[in-house]
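*Asks:* I am attaching a structure below and will ask some questions about it afterwards.
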Amino acid sequence: MASILRRSSHLLAEIASKSSPKVLASGCQKRHLNVQEHVSYSFLNEAGIPTPKFGVATSGAEAKKIATDLNTKNLVLKAQVLAGGRGKGSFKNGLKGGVRVVFSPQEAEDISSKMINQLLVTKQTGAAGRICNSVMVAERKFPRREFYFAVMMERAFNGPVLIASSQGGVNIEEVAAENPDAIVYEPIDINKGLQKDQAIQVAKKVGLQDKLEETAKMLLNMYDLFVKKDALLIEINPYAEDAAETYFALDAKMRFDDNAEFRQKDLFAKRDLSQEDKKEVEASKFDLNYIALDGSIGCLVNGAGLAMATMDIIKLHGGDPANFLDVGGGASVKAVKEAFK
């Protein structure tokens, strides 16, 4: 099971290293939609899953107003950038950290003003960094226990699986490697959906015996959100308890199936093109499966499997591919022309 999680957990985090090929489904001509953290918070709230109170600011003045309305001295600012490692990242203007704790509305304004419209460099963005167009201003929580919950599609289970652990708040891959017994896997029958007794058993296994009904309801809501939004991943890490014994989702990642775009118009309208490679965005207009990499050898291939094999051969002989590009079996003359560009 640990090997399944290690393989699948690349779906649980931003796949951002441009030095290696991305995981791509054969025959799929689009990349899966990722959404900003504040969008994930909103979806969780709509599903009845509590989060810290928050607001989204596109200017320092807006951040100050949100912080004032939250009416607390314990605040956290989070740069809305689709990349992991924000907390340890740095902005090109010299500001350190894309996640900052502040203690007043004025401090929220001062710090957020240095984040917005600036490039944040993290371990996943590369040296170029990624633009921060907005900042999430949220009340700061002080968790005493942290758990991990995720619903995701996993081919090893021929459908969705609920993954849980009592060791939340850390990289789940590390837990899988160091203590695989701490991870619970509960396959879900896609025809029946997640059952209440399954949710209760998972809650027991991670040590939430004192909150069985509450946790089961949260997991059922989580799966309902997964189905309604045509998601490939709904991850809450951590699901936390504070000193008042209140539970909430402190952080969340979500990924959605691009094949469902035709019936998820509102969801896909939230796609943030500023967080994507311009060449990849342009390629997607022609249904080209293109991913920019850091090498110097260009690849134009018909078929995802052959494209991956081609890159493997390039690496085997000491080269570095500049891109992944599968034009697809039904590509038009115009699409192939664009692919050469």
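Simple scheme: letters A, B, ... for chains in structure tokens order, numbers from 1 for residues in each chain, numbers from 1 for ligands in the order shown.
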Using only C-alpha atoms, which residues of stretch 16-112 of chain A come within 12 Å of stretch 265-268 of chain A, and what is the closest atom pair for each, with the distance in Å to one decimal? Give it as a Markdown table, sorted by chain and residue number.
*Replies:*
| residue | atom | partner | partner_atom | distance |
| --- | --- | --- | --- | --- |
| A:His32 | CA | A:Phe268 | CA | 10.4 |
| A:Leu33 | CA | A:Phe268 | CA | 7.4 |
| A:Asn34 | CA | A:Phe268 | CA | 9.4 |
| A:Val35 | CA | A:Leu267 | CA | 9.0 |
| A:Gln36 | CA | A:Leu267 | CA | 11.7 |
| A:Val39 | CA | A:Leu267 | CA | 9.5 |
| A:Ser40 | CA | A:Leu267 | CA | 10.9 |
| A:Ser42 | CA | A:Leu267 | CA | 11.7 |
| A:Phe43 | CA | A:Leu267 | CA | 10.0 |
*Asks:* Would you save the residues of that selection, restricted to N, CA, C and O atoms, as a PDB file, in the first residue's frame?
*Replies:*
ATOM      1  N   HIS A  32      -4.954  18.368 -15.901  1.00  0.00           N
ATOM      2  CA  HIS A  32      -5.996  18.462 -14.898  1.00  0.00           C
ATOM      3  C   HIS A  32      -5.994  19.842 -14.247  1.00  0.00           C
ATOM      4  O   HIS A  32      -4.957  20.404 -13.952  1.00  0.00           O
ATOM      5  N   LEU A  33      -7.200  20.350 -14.004  1.00  0.00           N
ATOM      6  CA  LEU A  33      -7.372  21.683 -13.439  1.00  0.00           C
ATOM      7  C   LEU A  33      -6.976  21.723 -11.969  1.00  0.00           C
ATOM      8  O   LEU A  33      -7.434  20.908 -11.164  1.00  0.00           O
ATOM      9  N   ASN A  34      -6.124  22.688 -11.619  1.00  0.00           N
ATOM     10  CA  ASN A  34      -5.818  22.997 -10.229  1.00  0.00           C
ATOM     11  C   ASN A  34      -6.460  24.340  -9.904  1.00  0.00           C
ATOM     12  O   ASN A  34      -6.586  25.208 -10.776  1.00  0.00           O
ATOM     13  N   VAL A  35      -6.844  24.530  -8.651  1.00  0.00           N
ATOM     14  CA  VAL A  35      -7.434  25.812  -8.254  1.00  0.00           C
ATOM     15  C   VAL A  35      -6.664  26.387  -7.072  1.00  0.00           C
ATOM     16  O   VAL A  35      -5.997  25.669  -6.336  1.00  0.00           O
ATOM     17  N   GLN A  36      -6.784  27.686  -6.910  1.00  0.00           N
ATOM     18  CA  GLN A  36      -6.102  28.367  -5.816  1.00  0.00           C
ATOM     19  C   GLN A  36      -6.673  27.932  -4.460  1.00  0.00           C
ATOM     20  O   GLN A  36      -7.812  27.471  -4.359  1.00  0.00           O
ATOM     21  N   VAL A  39     -10.091  29.141  -3.389  1.00  0.00           N
ATOM     22  CA  VAL A  39     -11.188  28.466  -4.084  1.00  0.00           C
ATOM     23  C   VAL A  39     -11.497  27.144  -3.387  1.00  0.00           C
ATOM     24  O   VAL A  39     -12.669  26.793  -3.173  1.00  0.00           O
ATOM     25  N   SER A  40     -10.457  26.417  -3.002  1.00  0.00           N
ATOM     26  CA  SER A  40     -10.643  25.160  -2.272  1.00  0.00           C
ATOM     27  C   SER A  40     -11.368  25.413  -0.952  1.00  0.00           C
ATOM     28  O   SER A  40     -12.275  24.664  -0.572  1.00  0.00           O
ATOM     29  N   SER A  42     -13.463  27.798  -0.297  1.00  0.00           N
ATOM     30  CA  SER A  42     -14.861  28.109  -0.604  1.00  0.00           C
ATOM     31  C   SER A  42     -15.654  26.845  -0.899  1.00  0.00           C
ATOM     32  O   SER A  42     -16.793  26.686  -0.430  1.00  0.00           O
ATOM     33  N   PHE A  43     -15.063  25.931  -1.653  1.00  0.00           N
ATOM     34  CA  PHE A  43     -15.740  24.668  -1.961  1.00  0.00           C
ATOM     35  C   PHE A  43     -15.978  23.849  -0.701  1.00  0.00           C
ATOM     36  O   PHE A  43     -17.030  23.227  -0.533  1.00  0.00           O
TER      37      PHE A  43
END
*Asks:* Write out as an MDAnalysis selection string each polymer residue whose atoms come within 12 Å of stretch 94-98 of chain A, counting only C-alpha atoms; drop sequence neighbours fewer than 4 positions from it.
*Replies:* chainID A and resid 76:90 110:116 118:122 129:132 134:136
*Asks:* Give me, as a PDB file with N, CA, C and O atoms, in the first residue's frame, all polymer residues having an atom no more than 7 Å from stretch 46-50 of chain A, counting only C-alpha atoms and skipping those fewer than 3 positions away in the same chain.
*Replies:*
ATOM      1  N   SER A  42     -13.463  27.798  -0.297  1.00  0.00           N
ATOM      2  CA  SER A  42     -14.861  28.109  -0.604  1.00  0.00           C
ATOM      3  C   SER A  42     -15.654  26.845  -0.899  1.00  0.00           C
ATOM      4  O   SER A  42     -16.793  26.686  -0.430  1.00  0.00           O
ATOM      5  N   PHE A  43     -15.063  25.931  -1.653  1.00  0.00           N
ATOM      6  CA  PHE A  43     -15.740  24.668  -1.961  1.00  0.00           C
ATOM      7  C   PHE A  43     -15.978  23.849  -0.701  1.00  0.00           C
ATOM      8  O   PHE A  43     -17.030  23.227  -0.533  1.00  0.00           O
ATOM      9  N   MET A 218     -18.227  14.701   8.029  1.00  0.00           N
ATOM     10  CA  MET A 218     -17.253  15.450   7.248  1.00  0.00           C
ATOM     11  C   MET A 218     -16.752  14.626   6.063  1.00  0.00           C
ATOM     12  O   MET A 218     -16.651  15.120   4.938  1.00  0.00           O
ATOM     13  N   ASN A 221     -19.418  14.345   3.414  1.00  0.00           N
ATOM     14  CA  ASN A 221     -19.503  15.623   2.689  1.00  0.00           C
ATOM     15  C   ASN A 221     -18.335  15.765   1.716  1.00  0.00           C
ATOM     16  O   ASN A 221     -18.490  16.285   0.602  1.00  0.00           O
ATOM     17  N   LEU A 225     -18.623  16.144  -2.338  1.00  0.00           N
ATOM     18  CA  LEU A 225     -17.960  17.207  -3.081  1.00  0.00           C
ATOM     19  C   LEU A 225     -17.116  16.617  -4.210  1.00  0.00           C
ATOM     20  O   LEU A 225     -17.111  17.133  -5.336  1.00  0.00           O
ATOM     21  N   PHE A 248     -11.488  21.658  11.946  1.00  0.00           N
ATOM     22  CA  PHE A 248     -11.561  22.465  10.732  1.00  0.00           C
ATOM     23  C   PHE A 248     -10.489  21.998   9.753  1.00  0.00           C
ATOM     24  O   PHE A 248      -9.495  21.381  10.138  1.00  0.00           O
ATOM     25  N   ALA A 249     -10.715  22.303   8.474  1.00  0.00           N
ATOM     26  CA  ALA A 249      -9.725  22.031   7.435  1.00  0.00           C
ATOM     27  C   ALA A 249      -8.774  23.217   7.384  1.00  0.00           C
ATOM     28  O   ALA A 249      -9.186  24.334   7.076  1.00  0.00           O
TER      29      ALA A 249
END
*Asks:* Using DSSP on the backbone, list every residue of stretch 285-333 of chain A that comes out as strand (DSSP E), and give them as a PyMOL selection string.
*Replies:* chain A and resi 289-292+323-326
*Asks:* With N, CA and C atoms retained, write the just-selected residues as a CSV table (one decimal), in the first residue's frame.
*Replies:*
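Final file, part_39.csv:
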chain,number,residue,atom,x,y,z
A,289,ASN,N,-1.0,18.3,-26.2
A,289,ASN,CA,-0.5,17.9,-24.8
A,289,ASN,C,0.9,18.3,-24.7
A,290,TYR,N,1.2,19.5,-24.3
A,290,TYR,CA,2.5,20.1,-24.2
A,290,TYR,C,2.9,20.5,-22.8
A,291,ILE,N,4.1,20.1,-22.4
A,291,ILE,CA,4.6,20.5,-21.1
A,291,ILE,C,6.0,21.0,-21.3
A,292,ALA,N,6.3,22.2,-20.9
A,292,ALA,CA,7.7,22.7,-21.0
A,292,ALA,C,8.6,22.1,-20.0
A,323,ASN,N,10.9,19.6,-23.8
A,323,ASN,CA,9.5,19.6,-23.6
A,323,ASN,C,8.9,18.1,-23.8
A,324,PHE,N,7.7,18.0,-23.3
A,324,PHE,CA,6.8,16.8,-23.7
A,324,PHE,C,5.8,17.3,-24.6
A,325,LEU,N,5.6,16.7,-25.8
A,325,LEU,CA,4.6,17.1,-26.7
A,325,LEU,C,4.0,15.9,-27.5
A,326,ASP,N,2.8,15.6,-27.2
A,326,ASP,CA,2.0,14.6,-27.8
A,326,ASP,C,1.0,15.3,-28.7
*Asks:* Find the spatial neighbours of A:Phe142, counting only C-alpha atoms, within a cut-off of 9 Å - ignore same-chain residues fewer than 3 positions away - and output them as a list in words.
*Replies:*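 After dropping sequence-adjacent residues, the list is Ala240, Glu241, Asp242 and Ala243 of chain A.
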*Asks:* Excluding stretch 251-258 of chain A and residues on its chain fewer than 5 positions from it, collect all residues at most 10 Å away from it, counting only C-alpha atoms, and give them as a ChimeraX atom specification.
*Replies:* /A:11-14,28-41,43-44,51-52,149-152,169,226,229-240,264,267-268
*Asks:* Hey, what's within 10 Å of A:Lys211 if we count only C-alpha atoms and toss same-chain stuff fewer than 5 positions away? As an mmCIF file with N, CA, C and O atoms, in the first residue's frame, please?
*Replies:*
data_model
loop_
_atom_site.group_PDB
_atom_site.id
_atom_site.type_symbol
_atom_site.label_atom_id
_atom_site.label_comp_id
_atom_site.auth_asym_id
_atom_site.auth_seq_id
_atom_site.Cartn_x
_atom_site.Cartn_y
_atom_site.Cartn_z
ATOM 1 N N ILE A 200 -17.139 5.817 9.524
ATOM 2 C CA ILE A 200 -16.960 5.647 10.966
ATOM 3 C C ILE A 200 -15.752 4.770 11.268
ATOM 4 O O ILE A 200 -14.967 5.062 12.186
ATOM 5 N N ALA A 203 -12.649 6.804 10.817
ATOM 6 C CA ALA A 203 -12.488 7.728 11.943
ATOM 7 C C ALA A 203 -11.911 7.007 13.159
ATOM 8 O O ALA A 203 -11.040 7.537 13.862
ATOM 9 N N LYS A 204 -12.376 5.790 13.410
ATOM 10 C CA LYS A 204 -11.852 5.006 14.533
ATOM 11 C C LYS A 204 -10.373 4.694 14.338
ATOM 12 O O LYS A 204 -9.574 4.796 15.278
ATOM 13 N N ALA A 216 -17.427 11.337 10.541
ATOM 14 C CA ALA A 216 -18.088 10.597 9.467
ATOM 15 C C ALA A 216 -18.869 11.540 8.556
ATOM 16 O O ALA A 216 -18.832 11.405 7.329
ATOM 17 N N GLU A 245 -11.470 22.172 21.070
ATOM 18 C CA GLU A 245 -11.990 20.913 20.529
ATOM 19 C C GLU A 245 -12.892 21.154 19.314
ATOM 20 O O GLU A 245 -13.844 20.421 19.058
ATOM 21 N N TYR A 247 -13.042 21.361 15.161
ATOM 22 C CA TYR A 247 -12.320 20.763 14.041
ATOM 23 C C TYR A 247 -12.545 21.587 12.781
ATOM 24 O O TYR A 247 -13.633 22.122 12.545
#
*Asks:* From stretch 96-175 of chain A, collect each residue whose DSSP state is alpha helix (DSSP H) and return the set as a list in words.
*Replies:*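 Result set for stretch 96-175 of chain A (alpha helix (DSSP H)): Pro105, Gln106, Glu107, Ala108, Glu109, Asp110, Ile111, Ser112, Ser113, Lys114, Met115, Ile172, Glu173, Glu174 and Val175 of chain A.
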*Asks:* Can you tell me how far atom CA of A:Tyr148 sits from atom CA of A:Val170, in Å to one decimal?
*Replies:*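 These two atoms are separated by 8.7 Å.
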*Asks:* Can you tell me which residues surround A:Val336 at a distance of at most 9 Å, considering only C-alpha atoms, apart from same-chain residues fewer than 4 positions away, and format the answer as a list in words?
*Replies:*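 Returned residues: Leu288, Val327, Ala331, Ser332, Phe340 and Lys341 of chain A.
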*Asks:* Point out the residue among A:Ala322, A:Pro187, A:Gln124, A:Lys217 with the least atom-to-atom distance to A:Arg155, counting only C-alpha atoms.
*Replies:*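 Closest to A:Arg155, using only C-alpha atoms: A:Pro187.
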*Asks:* Just give me the gap between atom CA of A:Val56 and atom CA of A:Asn74 in Å, one decimal is fine.
*Replies:*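 So the answer is 16.5 Å.
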